[in-house]
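First up is the structure itself, then whatever we jot down about it.
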Amino acid sequence: MSRHTRATLEPGMHKQLLDVQERLATGTLPQWVLTDPTVFNLEVERIFARTWYFIGHESELPNPGDYVTRWYINDPVVLTRTKSGELRAYLNSCMHRGTMLCTADSGNRKAFTCPYHGWTYSLDGDLIGVIADDKVYGAEMDREQWALRQLPRLESFHGMIFASLDPDVQPLDEYLGGLGWYLDILIGRTDKKMEVHGAPLRWVVDANWKIGSENFGGDAYHVAMTHRSTVELGLSPKDPLFTSYGHQVVLDQGHSMSVITKSPKLGPTPPYQGQPEELWSNFERNLTPDQLGVWRDAAVFHGTCFPNLSFLSPMHGAGGHAHLTNFLTLRQWRPIGPDKVEIWSWFLADREAPEEFKKESYKRYVATFGPAGTLEQDDVEIWTRITDASKGLMARDKDLSYGNVMNYVMGLDRVDPDPDWPGPGTAYPTTFMEAAQRSFYEVWNSLLMVD
């Protein structure tokens with residue numbers, strides 16, 4: 001067991017989690033697991049401390065000395081680029097008395113100096129300055145012992161930086177598995193890859209983190225009702241089934257990706273989600289024919305990298321679907337309590353994309369999934385209602401529906417996986433499924449039970 005995982009599983013909780021396992025096998029989930037404080041503590045130490053956690057993108061640190069401050073659940077982190085160009089992530093806490101070294105969201109420094117007693121650390125984490133060190137601590141002070149504490153593991157995938165508190169966590173490529181095939185399409189499709197524009201947007205919502213993760217991971221079913229006002233604004237098609245066309249893909253490790261294809265009632269739309277034609281040859285160099293085929297007919301990608309990083313790549317327009325524009329956002333659901341989540345949202349664009357396209361893409365992103373975006377407001381209102389309704393006594397013995405495990409859709413037809421799907425994972429030929437959400441909670445529950 002990692003030294004970071006100290007939570008013990010009491011016999012009563014072990015029995016309850018076995019019950020959750022049995023319920024999931026029937027397509028239900030006990031509602032109490034959404035807001036239970038004991039479950040939350042187990043999640044922090046048995047899931048987040050043992051898996052990979054997204055902390056930023058390489059484009060946020062282009063120069064030596066650049067840094068950003070982030071949170072790994074409740075641990076403050078400073079992510080920096082050293083003079084040699086390496087990326088390092090440290091606990092943002094002085095080794096002397098524990099003060100946060102950096103309070104700004106980002107910046108550039110030659111060294112990190114503690115504002116309390118002045119201990120100074122190099123970008124490599126070494127303790128290089130102690131005020132009056134000989135007089136206070138003596139010449140025999142071992143500075144190596146007091147170097148900044150590094151996060152045990154740090155790896156990147158297409159510029160996405162992940163960290164882990166578990167030194168023995170499996171390599172990131174293995175952890176992502178088949179999800180990497182879809183991330184190639186979203187993030188690795190051009191020669192110079194993607195870049196983040198602006199600082200990540202952040203806001204706090206009175207909701208449990210799992211609701212956002214599972215929603216983006218596989219819930220296309222909510223769109224017609226939750227976001228019905230966007231039809232009137234011209235942001236969504238009038239066809240109530242438009243988000244059902246396509247495939248829901250269930251991947252290993254609790255990951256998932258849904259590929260929504262164009263509604264047959266909308267008429268022709270450009271390939272590759274309307275990306276500029278001058279980029280198409282770039283896509284062809286970086287993607288396989290199968291990946292190009294999946295992307296060519298896609299209208300929306302949405303999915304989740306377990307446990308709490310989601311992806312959204314839709315097309316939105318203005319006024320009757322004029323000028324449909326694609327955007328890509330990464331969204332992290334940072335748990336700060338059983339009933340509170342801080343949402344972090346990054347906007348990314350291909351470096352080689354025309355500047356005018358990037359501007360239009362950013363406008364669509366802010367208007368829909370920024371903190372005051374139309375679709376964002378719809379979602380968080382629902383998520384807070386779910387969380388509020390999950391705290392009482394009656395929720396302790398109430399089950400939530402997560403679909404028929406035999407994969408019957410609307411109680412009519414059994415849906416079997418598509419044997420011709422070219423990508424990895426188990427792909428069902430409709431996105432009105434709950435297989436992805438069940439997989440998410442099955443992995444979640446199994447990790448909570450591992451000592």
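Each chain of the structure tokens is named A, B, ... in the order shown, its residues numbered from 1; ligands are numbered from 1 in display order.
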When you look at segment 21-32 of chain A with a cut-off of 12 Å (counting only C-alpha atoms), what residues show up, excluding the ones that are within fewer than 4 positions of it in the same chain? I need them as JSON, numbers by chain.
{"A": [14, 15, 16, 17, 36, 37, 38, 39, 40, 208, 210, 211, 338, 339, 386, 387, 388, 389, 390, 391, 392, 393, 394, 395, 396, 397, 398, 399, 400, 401, 402, 403, 404, 405, 406, 407, 408, 433, 434, 435, 436, 437, 438, 439, 440, 441, 442, 443, 444, 445, 446, 447, 448, 449]}
C-alpha atoms of the current selection, written as a PDB file, in the first residue's frame:
```pdb
ATOM      1  CA  HIS A  14     -17.066  -3.100   3.069  1.00  0.00           C
ATOM      2  CA  LYS A  15     -20.486  -4.720   3.273  1.00  0.00           C
ATOM      3  CA  GLN A  16     -22.120  -1.619   1.802  1.00  0.00           C
ATOM      4  CA  LEU A  17     -19.702  -1.534  -1.113  1.00  0.00           C
ATOM      5  CA  ASP A  36     -21.493  10.125   1.783  1.00  0.00           C
ATOM      6  CA  PRO A  37     -18.480  11.659   3.648  1.00  0.00           C
ATOM      7  CA  THR A  38     -16.848   8.271   4.304  1.00  0.00           C
ATOM      8  CA  VAL A  39     -17.078   7.395   0.622  1.00  0.00           C
ATOM      9  CA  PHE A  40     -15.530  10.748  -0.251  1.00  0.00           C
ATOM     10  CA  ASN A 208     -20.637  15.876  -6.261  1.00  0.00           C
ATOM     11  CA  LYS A 210     -18.932  12.030  -9.966  1.00  0.00           C
ATOM     12  CA  ILE A 211     -22.018  13.593 -11.533  1.00  0.00           C
ATOM     13  CA  PRO A 338     -18.686  15.194  -0.948  1.00  0.00           C
ATOM     14  CA  ASP A 339     -21.116  17.906  -2.074  1.00  0.00           C
ATOM     15  CA  ILE A 386     -29.201  15.834  -7.619  1.00  0.00           C
ATOM     16  CA  THR A 387     -26.680  16.518  -4.851  1.00  0.00           C
ATOM     17  CA  ASP A 388     -29.232  18.271  -2.619  1.00  0.00           C
ATOM     18  CA  ALA A 389     -31.651  15.375  -3.047  1.00  0.00           C
ATOM     19  CA  SER A 390     -28.961  12.830  -2.079  1.00  0.00           C
ATOM     20  CA  LYS A 391     -28.216  13.997   1.464  1.00  0.00           C
ATOM     21  CA  GLY A 392     -31.335  12.959   3.372  1.00  0.00           C
ATOM     22  CA  LEU A 393     -32.412   9.841   5.207  1.00  0.00           C
ATOM     23  CA  MET A 394     -34.753   8.663   2.483  1.00  0.00           C
ATOM     24  CA  ALA A 395     -31.914   8.653  -0.045  1.00  0.00           C
ATOM     25  CA  ARG A 396     -30.159   5.999   2.060  1.00  0.00           C
ATOM     26  CA  ASP A 397     -32.371   3.252   0.654  1.00  0.00           C
ATOM     27  CA  LYS A 398     -33.230   4.729  -2.746  1.00  0.00           C
ATOM     28  CA  ASP A 399     -31.759   3.371  -5.970  1.00  0.00           C
ATOM     29  CA  LEU A 400     -30.933   5.318  -9.119  1.00  0.00           C
ATOM     30  CA  SER A 401     -31.531   3.791 -12.540  1.00  0.00           C
ATOM     31  CA  TYR A 402     -28.511   3.126 -14.742  1.00  0.00           C
ATOM     32  CA  GLY A 403     -30.216   1.155 -17.463  1.00  0.00           C
ATOM     33  CA  ASN A 404     -30.936  -2.437 -18.252  1.00  0.00           C
ATOM     34  CA  VAL A 405     -27.721  -4.436 -18.066  1.00  0.00           C
ATOM     35  CA  MET A 406     -28.866  -6.410 -21.116  1.00  0.00           C
ATOM     36  CA  ASN A 407     -28.660  -3.124 -23.052  1.00  0.00           C
ATOM     37  CA  TYR A 408     -32.263  -2.684 -24.059  1.00  0.00           C
ATOM     38  CA  MET A 433     -26.984   4.035 -23.560  1.00  0.00           C
ATOM     39  CA  GLU A 434     -25.867   3.801 -19.951  1.00  0.00           C
ATOM     40  CA  ALA A 435     -23.158   1.185 -20.420  1.00  0.00           C
ATOM     41  CA  ALA A 436     -20.433   3.831 -20.045  1.00  0.00           C
ATOM     42  CA  GLN A 437     -21.864   5.102 -16.764  1.00  0.00           C
ATOM     43  CA  ARG A 438     -22.152   1.583 -15.377  1.00  0.00           C
ATOM     44  CA  SER A 439     -18.551   0.887 -16.335  1.00  0.00           C
ATOM     45  CA  PHE A 440     -17.470   4.113 -14.623  1.00  0.00           C
ATOM     46  CA  TYR A 441     -19.124   3.091 -11.360  1.00  0.00           C
ATOM     47  CA  GLU A 442     -17.948  -0.505 -11.586  1.00  0.00           C
ATOM     48  CA  VAL A 443     -14.315   0.656 -11.751  1.00  0.00           C
ATOM     49  CA  TRP A 444     -14.987   3.290  -9.080  1.00  0.00           C
ATOM     50  CA  ASN A 445     -16.469   0.693  -6.732  1.00  0.00           C
ATOM     51  CA  SER A 446     -13.726  -1.874  -7.337  1.00  0.00           C
ATOM     52  CA  LEU A 447     -10.990   0.667  -6.506  1.00  0.00           C
ATOM     53  CA  LEU A 448     -12.708   1.663  -3.271  1.00  0.00           C
ATOM     54  CA  MET A 449     -12.536  -1.965  -2.142  1.00  0.00           C
TER      55      MET A 449
END
```
DSSP on the backbone, then: every residue of segment 75-201 of chain A marked strand (DSSP E or B), written as a ChimeraX atom specification.
/A:75-81,87-91,106-108,111-113,120-122,127-129,150,153-157,160-164,194-196,201
What's the separation between atom CA of Asp378 of chain A and atom CA of Tyr221 of chain A, in Å to one decimal place?
14.1 Å
Could you pull the residues within 9 Å of Tyr182 of chain A, counting only C-alpha atoms, minus those fewer than 4 positions along the same chain, as a ChimeraX atom specification?
/A:178,186-187,257,291,423-424
Would you compute the distance between atom CA of Gly425 of chain A and atom CA of Leu251 of chain A? Give it in Å to one decimal.
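Spanning atom CA of Gly425 of chain A to atom CA of Leu251 of chain A is a straight-line distance of 4.7 Å.
Proximity to Trp346 of chain A at 6 Å, evaluated using only C-alpha atoms and with sequence-adjacent residues fewer than 6 positions away removed, yields Pro200, Thr329 and Leu330 of chain A.
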For those residues, write N, CA and C atoms to a file as a JSON list (two decimals), in the first residue's frame.
```
[["chain", "number", "residue", "atom", "x", "y", "z"],
["A", 200, "PRO", "N", -6.97, 28.59, -17.44],
["A", 200, "PRO", "CA", -8.18, 27.78, -17.28],
["A", 200, "PRO", "C", -9.23, 28.53, -16.46],
["A", 329, "THR", "N", -12.68, 21.55, -25.38],
["A", 329, "THR", "CA", -12.42, 21.92, -24.00],
["A", 329, "THR", "C", -12.12, 20.68, -23.17],
["A", 330, "LEU", "N", -11.15, 20.80, -22.29],
["A", 330, "LEU", "CA", -10.87, 19.79, -21.27],
["A", 330, "LEU", "C", -11.47, 20.29, -19.97]]
```
Rounded to one decimal place, report the atom CA of Asp416 of chain A-atom CA of Val294 of chain A distance in Å.
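Straight-line distance from atom CA of Asp416 of chain A to atom CA of Val294 of chain A works out to 19.2 Å.
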Members of segment 198-271 of chain A assigned alpha helix (DSSP H) by DSSP, as a VMD selection string:
chain A and resid 209 to 218 223 to 226 229 to 233
Top pick for closest residue to Trp52 of chain A, considering A:Leu172, A:Ile128, A:Met160, A:Val341 and counting only C-alpha atoms
A:Leu172
Among the residues A:His96, A:His222, A:Arg189, A:Lys83, the one that comes closest to Arg351 of chain A [using only C-alpha atoms]:
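Closest to Arg351 of chain A, using only C-alpha atoms: A:Arg189.
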Excluding Trp209 of chain A and its own-chain neighbours fewer than 3 positions away, which residues fall within 12 Å of it when counting only C-alpha atoms? Please give them as a compact mmCIF listing (two decimals) with N, CA and C atoms, in the first residue's frame.
```
# COMPACT_ATOMS: atom_id res chain seq x y z
N VAL A 33 -24.36 6.98 -2.21
CA VAL A 33 -22.92 7.01 -2.49
C VAL A 33 -22.48 8.36 -3.07
N LEU A 34 -23.41 9.18 -3.54
CA LEU A 34 -23.03 10.45 -4.14
C LEU A 34 -22.52 11.45 -3.13
N THR A 35 -23.05 11.42 -1.90
CA THR A 35 -22.71 12.48 -0.94
C THR A 35 -22.22 11.95 0.41
N PHE A 40 -16.39 9.70 0.29
CA PHE A 40 -15.53 10.75 -0.25
C PHE A 40 -14.09 10.58 0.22
N GLU A 43 -12.51 7.83 -1.63
CA GLU A 43 -12.21 8.23 -3.01
C GLU A 43 -10.88 8.97 -3.09
N VAL A 44 -10.65 9.88 -2.17
CA VAL A 44 -9.43 10.68 -2.19
C VAL A 44 -8.21 9.78 -2.06
N ILE A 73 -6.38 17.50 -5.77
CA ILE A 73 -7.42 17.43 -4.73
C ILE A 73 -7.12 18.51 -3.69
N VAL A 204 -16.85 27.11 -8.65
CA VAL A 204 -17.23 26.11 -7.66
C VAL A 204 -18.74 25.87 -7.73
N VAL A 205 -19.12 24.60 -7.70
CA VAL A 205 -20.53 24.20 -7.79
C VAL A 205 -20.85 23.29 -6.61
N ASP A 206 -22.03 23.46 -6.06
CA ASP A 206 -22.47 22.62 -4.95
C ASP A 206 -22.99 21.29 -5.48
N GLY A 212 -20.55 15.11 -12.76
CA GLY A 212 -19.98 15.69 -13.97
C GLY A 212 -19.20 14.67 -14.77
N SER A 213 -18.42 13.84 -14.07
CA SER A 213 -17.61 12.83 -14.76
C SER A 213 -18.47 11.86 -15.56
N GLU A 214 -19.51 11.34 -14.93
CA GLU A 214 -20.33 10.36 -15.63
C GLU A 214 -21.21 11.02 -16.68
N ASN A 215 -21.62 12.28 -16.45
CA ASN A 215 -22.43 12.99 -17.43
C ASN A 215 -21.68 13.17 -18.74
N PHE A 216 -20.46 13.70 -18.65
CA PHE A 216 -19.66 13.91 -19.85
C PHE A 216 -19.16 12.58 -20.42
N PHE A 306 -11.11 8.39 -16.72
CA PHE A 306 -11.35 8.11 -15.30
C PHE A 306 -10.14 8.55 -14.46
N PRO A 307 -10.35 9.20 -13.32
CA PRO A 307 -11.67 9.41 -12.73
C PRO A 307 -12.35 10.74 -13.04
N ASN A 308 -11.61 11.82 -13.32
CA ASN A 308 -12.27 13.13 -13.27
C ASN A 308 -11.81 14.12 -14.33
N LEU A 309 -11.39 13.64 -15.50
CA LEU A 309 -11.05 14.54 -16.60
C LEU A 309 -11.95 14.23 -17.78
N SER A 310 -12.68 15.24 -18.26
CA SER A 310 -13.61 15.03 -19.37
C SER A 310 -13.20 15.84 -20.58
N ARG A 331 -12.12 19.39 -19.25
CA ARG A 331 -12.82 19.80 -18.03
C ARG A 331 -12.46 18.84 -16.90
N GLN A 332 -11.94 19.42 -15.83
CA GLN A 332 -11.57 18.62 -14.67
C GLN A 332 -12.55 18.90 -13.54
N TRP A 333 -12.99 17.82 -12.90
CA TRP A 333 -13.91 17.92 -11.77
C TRP A 333 -13.10 17.70 -10.50
N ARG A 334 -12.63 18.79 -9.89
CA ARG A 334 -11.78 18.67 -8.71
C ARG A 334 -12.65 18.57 -7.45
N PRO A 335 -12.65 17.41 -6.79
CA PRO A 335 -13.48 17.27 -5.59
C PRO A 335 -12.92 18.11 -4.43
N ILE A 336 -13.76 18.91 -3.83
CA ILE A 336 -13.34 19.63 -2.62
C ILE A 336 -14.24 19.30 -1.44
N GLY A 337 -15.08 18.31 -1.62
CA GLY A 337 -15.96 17.83 -0.58
C GLY A 337 -16.96 16.87 -1.20
N PRO A 338 -17.70 16.12 -0.38
CA PRO A 338 -18.69 15.19 -0.95
C PRO A 338 -19.80 15.89 -1.70
N ASP A 339 -20.03 17.18 -1.41
CA ASP A 339 -21.12 17.91 -2.07
C ASP A 339 -20.63 19.21 -2.70
N LYS A 340 -19.35 19.25 -3.08
CA LYS A 340 -18.79 20.47 -3.67
C LYS A 340 -17.67 20.09 -4.63
N VAL A 341 -17.71 20.72 -5.80
CA VAL A 341 -16.69 20.44 -6.83
C VAL A 341 -16.22 21.76 -7.42
N GLU A 342 -14.91 21.85 -7.67
CA GLU A 342 -14.38 22.98 -8.41
C GLU A 342 -14.16 22.52 -9.84
N ILE A 343 -14.83 23.20 -10.78
CA ILE A 343 -14.70 22.86 -12.19
C ILE A 343 -13.57 23.69 -12.79
N TRP A 344 -12.64 23.00 -13.45
CA TRP A 344 -11.55 23.65 -14.19
C TRP A 344 -11.80 23.38 -15.66
N VAL A 380 -25.27 22.64 -14.40
CA VAL A 380 -24.97 22.77 -12.97
C VAL A 380 -26.24 22.92 -12.15
N TRP A 383 -27.22 19.35 -11.63
CA TRP A 383 -26.28 18.63 -10.77
C TRP A 383 -26.43 19.03 -9.29
N THR A 384 -26.70 20.30 -9.03
CA THR A 384 -26.91 20.73 -7.64
C THR A 384 -28.20 20.14 -7.08
N ILE A 386 -29.49 17.24 -7.93
CA ILE A 386 -29.20 15.83 -7.62
C ILE A 386 -28.48 15.72 -6.28
N THR A 387 -27.47 16.57 -6.08
CA THR A 387 -26.68 16.52 -4.85
C THR A 387 -27.53 16.85 -3.64
```
Would you pick out the contacts of Thr82 of chain A at 6 Å or less, using only C-alpha atoms, so that residues sharing its chain but fewer than 2 positions from it are not included, and give the list as a list in words?
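Surrounding residues, per the criterion: Pro64, Gly65, Ser84, Gly85, Glu86 and Leu123 of chain A.
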Write out, as a compact mmCIF listing (two decimals), in the first residue's frame, the residues just selected, with N, CA and C atoms.
```
# COMPACT_ATOMS: atom_id res chain seq x y z
N PRO A 64 11.59 28.35 -19.99
CA PRO A 64 12.21 28.03 -18.69
C PRO A 64 11.82 29.07 -17.64
N GLY A 65 11.50 28.59 -16.46
CA GLY A 65 11.08 29.48 -15.38
C GLY A 65 9.59 29.69 -15.31
N SER A 84 16.69 23.59 -18.00
CA SER A 84 17.02 22.63 -19.05
C SER A 84 15.81 22.23 -19.88
N GLY A 85 14.64 22.77 -19.55
CA GLY A 85 13.43 22.49 -20.30
C GLY A 85 12.59 21.36 -19.77
N GLU A 86 13.00 20.72 -18.67
CA GLU A 86 12.22 19.64 -18.09
C GLU A 86 11.02 20.19 -17.34
N LEU A 123 14.66 25.97 -9.57
CA LEU A 123 13.61 25.36 -10.38
C LEU A 123 13.70 23.85 -10.37
```
